[in-house]
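> Have a look at this one before I ask anything.
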There are 2 protein chains.
Amino acid sequence: MRISELSDRSGVSAASIKYYAREGLLPAGERTGYNQTDYSEAHLERLRLIRSLIDVGGLTVAATARVLSAVDDPGLPLQEVMGVAQSALPQRIAPPTADSVRRVEELAAAHGWCTHHGDPAVRAAAAVLDAYAAVGRDDLAAVLPAYARAADLVAEADLDAVGASVDAARAGGDREATAQTVVIGTVLGDQLLAGLRRIAQQNVASRRYGPPPEGTSS
Amino acid sequence: MRISELSDRSGVSAASIKYYAREGLLPAGERTGYNQTDYSEAHLERLRLIRSLIDVGGLTVAATARVLSAVDDPGLPLQEVMGVAQSALPQRIAPPTADSVRRVEELAAAHGWCTHHGDPAVRAAAAVLDAYAAVGRDDLAAVLPAYARAADLVAEADLDAVGASVDAARAGGDREATAQTVVIGTVLGDQLLAGLRRIAQQNVASRRYGPPPEGTSS
């Protein structure tokens with residue numbers, strides 16, 4: 001198909017399509033003549049994946065490029081693909097304090113989780129503890145044990161969902177489809193959980209404090 | 001203090017301080033002479049709150065302005081402050097499909113959660129289901145029941161943490177401090193949970209598939 005049709009069907013502007021191709025997120029189309037390029041259904045699928053990661057997952061274009069290059073590398077084990085997807089979390093500007101890192105490591109140890117030095121996931125959690133402290137709300141760290149239990153529930157479900165694909169890929173299934181599942185599940189799961197957390201918060205708040213004031217709930 | 005000292009102590013550039021003041025995030029300093037303005041400790045605290053919401057919470061400047069104006073409005077009930085903080089989630093470009101909205105509403109009903117028409121939290125969760133479908137991974141929606149149980153755990157902990165402050169504010173405590181707690185806990189909690197989810201994922205993956213390949217874990 002021409003770029004105009006690809007743009008219509010994907011909802012992505014021709015300028016963005018060309019930009020993603022230049023940045024290596026999207027394979028180049030096939031040149032079929034002067035100023036004319038042909039795109040396939042695979043390009044359309046890739047564009048949908050790109051836009052999901054950027055629009056819904058909140059990744060930057062650079063982070064999306066890193067994640068997709070892990071998906072595209074046939075020699076990369078799926079567990080490493082998950083690692084790349086995990087580290088696509090926006091990195092904070094300031095490094096976390098040693099004190100907060102230690103608190104997260106202690107929490108992890110209490111849950112039987114191994115962590116390694118410089119783990120970006122530990123740093124991300126520690127940066128939040130620093131932010132609580134910076135605004136004088138250290139007491140908010142009281143949520144940690146319950147959050148860790150919730151993280152366990154979620155991680156088990158995550159691995160159940162991608163595990164079936166991983167097993168299929170090991171048995172000779174489609175490695176690229178599995179890698180996509182891993183990436184999408186890891187990146188978009190945060191947003192799904194954030195949405196459900198808000199619905200649950202509204203309901204716990206209503207139960208404890210009564211319904212919200214008239215006219216504010218829509 | 002002068003703007004140079006405020007900048008040194010907060011780590012925020014003078015240009016950004018002036019920008020936040022223009023956009024209404026930060027109260028103006030006191031003019032004490034020609035081309036000279038005086039800032040207080042309250043300005044420093046406010047700057048720390050602003051940077052936590054933007055750098056760690058990932059809010060835009062516009063969303064931060066909306067959230068802070070809710071914190072600053074003494075007539076706004078705390079439950080509404082929470083609503084404003086909840087809706088600071090980045091809004092997706094495309095509205096979710098009716099089908100995905102219905103699936104989230106059904107899940108909510110199964111958990112005894114009330115939802116209302118147009119609820120931004122429902123829309124955020126539904127947008128993720130649409131993204132799963134758009135990349136042909138509808139099967140990832142299998143995580144929904146476990147995510148909902150995790151959201152319940154997290155929301156109870158959230159309300160426990162802010163609840164003590166809310167009760168204190170009702171008993172004549174500091175409403176503004178409580179409103180800040182609500183905002184920080186709501187916005188930054190997502191990032192804390194995302195970090196812990198990744199630590200848990202690594203450990204569930206190691207348990208199921210063995211340790212990650214040599215040399216990739218740091």
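By order in the structure tokens, chains are A, B, ...; within a chain, residues start at 1; ligands start at 1, following the order shown.
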Determine, using only C-alpha atoms, which residues of chain A have any atom at most 6 Å from an atom of chain B, and tabulate each with its shortest atom pair and distance in Å to one decimal place, rows ordered by chain and then rising number, as JSON lines.


```
{"residue": "A:Leu49", "atom": "CA", "partner": "B:Val135", "partner_atom": "CA", "distance": 5.8}
{"residue": "A:Ser52", "atom": "CA", "partner": "B:Ala131", "partner_atom": "CA", "distance": 5.6}
{"residue": "A:Trp113", "atom": "CA", "partner": "B:Asn203", "partner_atom": "CA", "distance": 5.8}
{"residue": "A:Ala121", "atom": "CA", "partner": "B:Gly195", "partner_atom": "CA", "distance": 4.6}
{"residue": "A:Ala124", "atom": "CA", "partner": "B:Gly195", "partner_atom": "CA", "distance": 5.4}
{"residue": "A:Ala125", "atom": "CA", "partner": "B:Leu192", "partner_atom": "CA", "distance": 4.7}
{"residue": "A:Val128", "atom": "CA", "partner": "B:Leu192", "partner_atom": "CA", "distance": 5.9}
{"residue": "A:Ala131", "atom": "CA", "partner": "B:Ser52", "partner_atom": "CA", "distance": 5.6}
{"residue": "A:Val135", "atom": "CA", "partner": "B:Leu49", "partner_atom": "CA", "distance": 5.8}
{"residue": "A:Leu140", "atom": "CA", "partner": "B:Ala161", "partner_atom": "CA", "distance": 5.9}
{"residue": "A:Val143", "atom": "CA", "partner": "B:Ala157", "partner_atom": "CA", "distance": 5.4}
{"residue": "A:Tyr147", "atom": "CA", "partner": "B:Val154", "partner_atom": "CA", "distance": 5.7}
{"residue": "A:Ala150", "atom": "CA", "partner": "B:Ala150", "partner_atom": "CA", "distance": 4.4}
{"residue": "A:Ala151", "atom": "CA", "partner": "B:Arg197", "partner_atom": "CA", "distance": 4.5}
{"residue": "A:Asp152", "atom": "CA", "partner": "B:Ala200", "partner_atom": "CA", "distance": 5.6}
{"residue": "A:Val154", "atom": "CA", "partner": "B:Tyr147", "partner_atom": "CA", "distance": 5.7}
{"residue": "A:Ala155", "atom": "CA", "partner": "B:Gln201", "partner_atom": "CA", "distance": 4.8}
{"residue": "A:Ala157", "atom": "CA", "partner": "B:Val143", "partner_atom": "CA", "distance": 5.4}
{"residue": "A:Ala161", "atom": "CA", "partner": "B:Leu140", "partner_atom": "CA", "distance": 5.8}
{"residue": "A:Leu192", "atom": "CA", "partner": "B:Ala125", "partner_atom": "CA", "distance": 4.7}
{"residue": "A:Gly195", "atom": "CA", "partner": "B:Ala121", "partner_atom": "CA", "distance": 4.6}
{"residue": "A:Leu196", "atom": "CA", "partner": "B:Ala151", "partner_atom": "CA", "distance": 5.9}
{"residue": "A:Arg197", "atom": "CA", "partner": "B:Ala151", "partner_atom": "CA", "distance": 4.6}
{"residue": "A:Arg198", "atom": "CA", "partner": "B:Ala121", "partner_atom": "CA", "distance": 5.8}
{"residue": "A:Ile199", "atom": "CA", "partner": "B:Ala121", "partner_atom": "CA", "distance": 6.0}
{"residue": "A:Ala200", "atom": "CA", "partner": "B:Asp152", "partner_atom": "CA", "distance": 5.6}
{"residue": "A:Gln201", "atom": "CA", "partner": "B:Ala155", "partner_atom": "CA", "distance": 4.8}
{"residue": "A:Asn203", "atom": "CA", "partner": "B:Trp113", "partner_atom": "CA", "distance": 5.8}
```

> Applying 12 Å and only C-alpha atoms, which residues near A:Leu44 remain after dropping the ones on its own chain fewer than 3 positions away? List them as a list in words.

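Skipping anything fewer than 3 positions along the chain leaves Met1, Arg2, Ile3, Ser4, Glu5, Leu6, Ser7, Asp8, Arg9, Ser10, Gly11, Val12, Ile17, Leu26, Pro27, Gly29, Asp38, Tyr39, Ser40, Glu41, Leu47, Arg48, Leu49, Ile50 and Arg51 of chain A; Ala134 and Val135 of chain B.
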
> Can those selected residues be exported to a file as a PDB file, in the first residue's frame so that it contains N, CA and C atoms?


```
ATOM      1  N   MET A   1       0.849  -1.211   0.000  1.00  0.00           N
ATOM      2  CA  MET A   1       0.000   0.000   0.000  1.00  0.00           C
ATOM      3  C   MET A   1       0.877   1.251   0.000  1.00  0.00           C
ATOM      4  N   ARG A   2       0.306   2.343  -0.467  1.00  0.00           N
ATOM      5  CA  ARG A   2       1.022   3.623  -0.430  1.00  0.00           C
ATOM      6  C   ARG A   2       1.049   4.189   1.000  1.00  0.00           C
ATOM      7  N   ILE A   3       1.901   5.179   1.207  1.00  0.00           N
ATOM      8  CA  ILE A   3       2.005   5.766   2.547  1.00  0.00           C
ATOM      9  C   ILE A   3       0.679   6.427   2.962  1.00  0.00           C
ATOM     10  N   SER A   4      -0.067   6.944   1.982  1.00  0.00           N
ATOM     11  CA  SER A   4      -1.339   7.604   2.317  1.00  0.00           C
ATOM     12  C   SER A   4      -2.327   6.597   2.890  1.00  0.00           C
ATOM     13  N   GLU A   5      -2.345   5.380   2.305  1.00  0.00           N
ATOM     14  CA  GLU A   5      -3.258   4.351   2.812  1.00  0.00           C
ATOM     15  C   GLU A   5      -2.788   3.867   4.193  1.00  0.00           C
ATOM     16  N   LEU A   6      -1.460   3.699   4.330  1.00  0.00           N
ATOM     17  CA  LEU A   6      -0.913   3.279   5.626  1.00  0.00           C
ATOM     18  C   LEU A   6      -1.276   4.301   6.704  1.00  0.00           C
ATOM     19  N   SER A   7      -1.203   5.574   6.333  1.00  0.00           N
ATOM     20  CA  SER A   7      -1.541   6.648   7.260  1.00  0.00           C
ATOM     21  C   SER A   7      -3.027   6.604   7.627  1.00  0.00           C
ATOM     22  N   ASP A   8      -3.877   6.432   6.613  1.00  0.00           N
ATOM     23  CA  ASP A   8      -5.321   6.354   6.867  1.00  0.00           C
ATOM     24  C   ASP A   8      -5.663   5.192   7.789  1.00  0.00           C
ATOM     25  N   ARG A   9      -5.096   4.021   7.483  1.00  0.00           N
ATOM     26  CA  ARG A   9      -5.489   2.822   8.222  1.00  0.00           C
ATOM     27  C   ARG A   9      -4.917   2.806   9.642  1.00  0.00           C
ATOM     28  N   SER A  10      -3.760   3.446   9.844  1.00  0.00           N
ATOM     29  CA  SER A  10      -3.123   3.417  11.164  1.00  0.00           C
ATOM     30  C   SER A  10      -3.485   4.630  12.010  1.00  0.00           C
ATOM     31  N   GLY A  11      -3.956   5.701  11.349  1.00  0.00           N
ATOM     32  CA  GLY A  11      -4.216   6.936  12.082  1.00  0.00           C
ATOM     33  C   GLY A  11      -2.941   7.679  12.439  1.00  0.00           C
ATOM     34  N   VAL A  12      -1.817   7.286  11.830  1.00  0.00           N
ATOM     35  CA  VAL A  12      -0.535   7.953  12.087  1.00  0.00           C
ATOM     36  C   VAL A  12      -0.192   8.805  10.859  1.00  0.00           C
ATOM     37  N   ILE A  17       5.206   8.600  10.219  1.00  0.00           N
ATOM     38  CA  ILE A  17       5.648   7.321   9.650  1.00  0.00           C
ATOM     39  C   ILE A  17       7.090   7.444   9.159  1.00  0.00           C
ATOM     40  N   LEU A  26      10.564   1.584  12.567  1.00  0.00           N
ATOM     41  CA  LEU A  26       9.746   0.964  11.520  1.00  0.00           C
ATOM     42  C   LEU A  26      10.677   0.618  10.368  1.00  0.00           C
ATOM     43  N   PRO A  27      10.626  -0.634   9.842  1.00  0.00           N
ATOM     44  CA  PRO A  27      11.464  -0.951   8.686  1.00  0.00           C
ATOM     45  C   PRO A  27      11.082  -0.042   7.511  1.00  0.00           C
ATOM     46  N   GLY A  29       9.960   1.118   3.862  1.00  0.00           N
ATOM     47  CA  GLY A  29       9.103   0.495   2.855  1.00  0.00           C
ATOM     48  C   GLY A  29       9.940   0.137   1.624  1.00  0.00           C
ATOM     49  N   ASP A  38       6.307   1.333  -1.155  1.00  0.00           N
ATOM     50  CA  ASP A  38       5.229   0.385  -0.891  1.00  0.00           C
ATOM     51  C   ASP A  38       5.360  -0.176   0.533  1.00  0.00           C
ATOM     52  N   TYR A  39       4.255  -0.170   1.257  1.00  0.00           N
ATOM     53  CA  TYR A  39       4.235  -0.696   2.631  1.00  0.00           C
ATOM     54  C   TYR A  39       3.302  -1.900   2.712  1.00  0.00           C
ATOM     55  N   SER A  40       3.586  -2.784   3.673  1.00  0.00           N
ATOM     56  CA  SER A  40       2.837  -4.043   3.792  1.00  0.00           C
ATOM     57  C   SER A  40       1.970  -4.047   5.061  1.00  0.00           C
ATOM     58  N   GLU A  41       1.221  -5.117   5.234  1.00  0.00           N
ATOM     59  CA  GLU A  41       0.438  -5.306   6.459  1.00  0.00           C
ATOM     60  C   GLU A  41       1.353  -5.351   7.687  1.00  0.00           C
ATOM     61  N   LEU A  47       3.241  -0.323  13.222  1.00  0.00           N
ATOM     62  CA  LEU A  47       2.805   1.023  13.603  1.00  0.00           C
ATOM     63  C   LEU A  47       1.844   0.977  14.792  1.00  0.00           C
ATOM     64  N   ARG A  48       0.942  -0.019  14.796  1.00  0.00           N
ATOM     65  CA  ARG A  48       0.004  -0.144  15.928  1.00  0.00           C
ATOM     66  C   ARG A  48       0.762  -0.423  17.213  1.00  0.00           C
ATOM     67  N   LEU A  49       1.802  -1.260  17.123  1.00  0.00           N
ATOM     68  CA  LEU A  49       2.615  -1.557  18.300  1.00  0.00           C
ATOM     69  C   LEU A  49       3.340  -0.290  18.780  1.00  0.00           C
ATOM     70  N   ILE A  50       3.934   0.429  17.833  1.00  0.00           N
ATOM     71  CA  ILE A  50       4.646   1.673  18.185  1.00  0.00           C
ATOM     72  C   ILE A  50       3.716   2.645  18.904  1.00  0.00           C
ATOM     73  N   ARG A  51       2.517   2.850  18.340  1.00  0.00           N
ATOM     74  CA  ARG A  51       1.617   3.845  18.926  1.00  0.00           C
ATOM     75  C   ARG A  51       1.076   3.389  20.273  1.00  0.00           C
TER      76      ARG A  51
ATOM     77  N   ALA B 134      -5.355  -4.060  19.705  1.00  0.00           N
ATOM     78  CA  ALA B 134      -4.793  -3.476  18.479  1.00  0.00           C
ATOM     79  C   ALA B 134      -3.539  -4.208  18.024  1.00  0.00           C
ATOM     80  N   VAL B 135      -2.796  -4.781  18.969  1.00  0.00           N
ATOM     81  CA  VAL B 135      -1.599  -5.524  18.572  1.00  0.00           C
ATOM     82  C   VAL B 135      -1.868  -7.028  18.578  1.00  0.00           C
TER      83      VAL B 135
END
```

> Would you compute the distance between atom CA of A:Thr97 and atom CA of A:Leu59? Give it in Å to one decimal.

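Between atom CA of A:Thr97 and atom CA of A:Leu59 the gap is 25.1 Å.
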
> Looking at only C-alpha atoms, which of B:Arg207, B:Val183, B:Arg175, B:Ala88 is the one that sits closest to B:Pro74?

B:Arg175

> Which of stretch 7-216 of chain B counts as strand (DSSP E) under DSSP, as a count of residues only please?

7

> Which neighbours of A:Glu23 fall inside 9 Å, counting only C-alpha atoms, when residues of the same chain fewer than 5 positions from it are skipped, and could you give them as a list in words?

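That gives Lys18, Val61, Ala62 and Ala65 of chain A.
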
> Could you find all residues in stretch 11-145 of chain A that DSSP calls helix (DSSP H, G or I) from the backbone, and write them as JSON, numbers by chain?

{"A": [14, 15, 16, 17, 18, 19, 20, 21, 22, 41, 42, 43, 44, 45, 46, 47, 48, 49, 50, 51, 52, 53, 54, 55, 56, 61, 62, 63, 64, 65, 66, 67, 68, 69, 70, 71, 72, 78, 79, 80, 81, 82, 83, 84, 85, 86, 98, 99, 100, 101, 102, 103, 104, 105, 106, 107, 108, 109, 110, 120, 121, 122, 123, 124, 125, 126, 127, 128, 129, 130, 131, 132, 133, 134, 138, 139, 140, 141, 142, 143, 144, 145]}
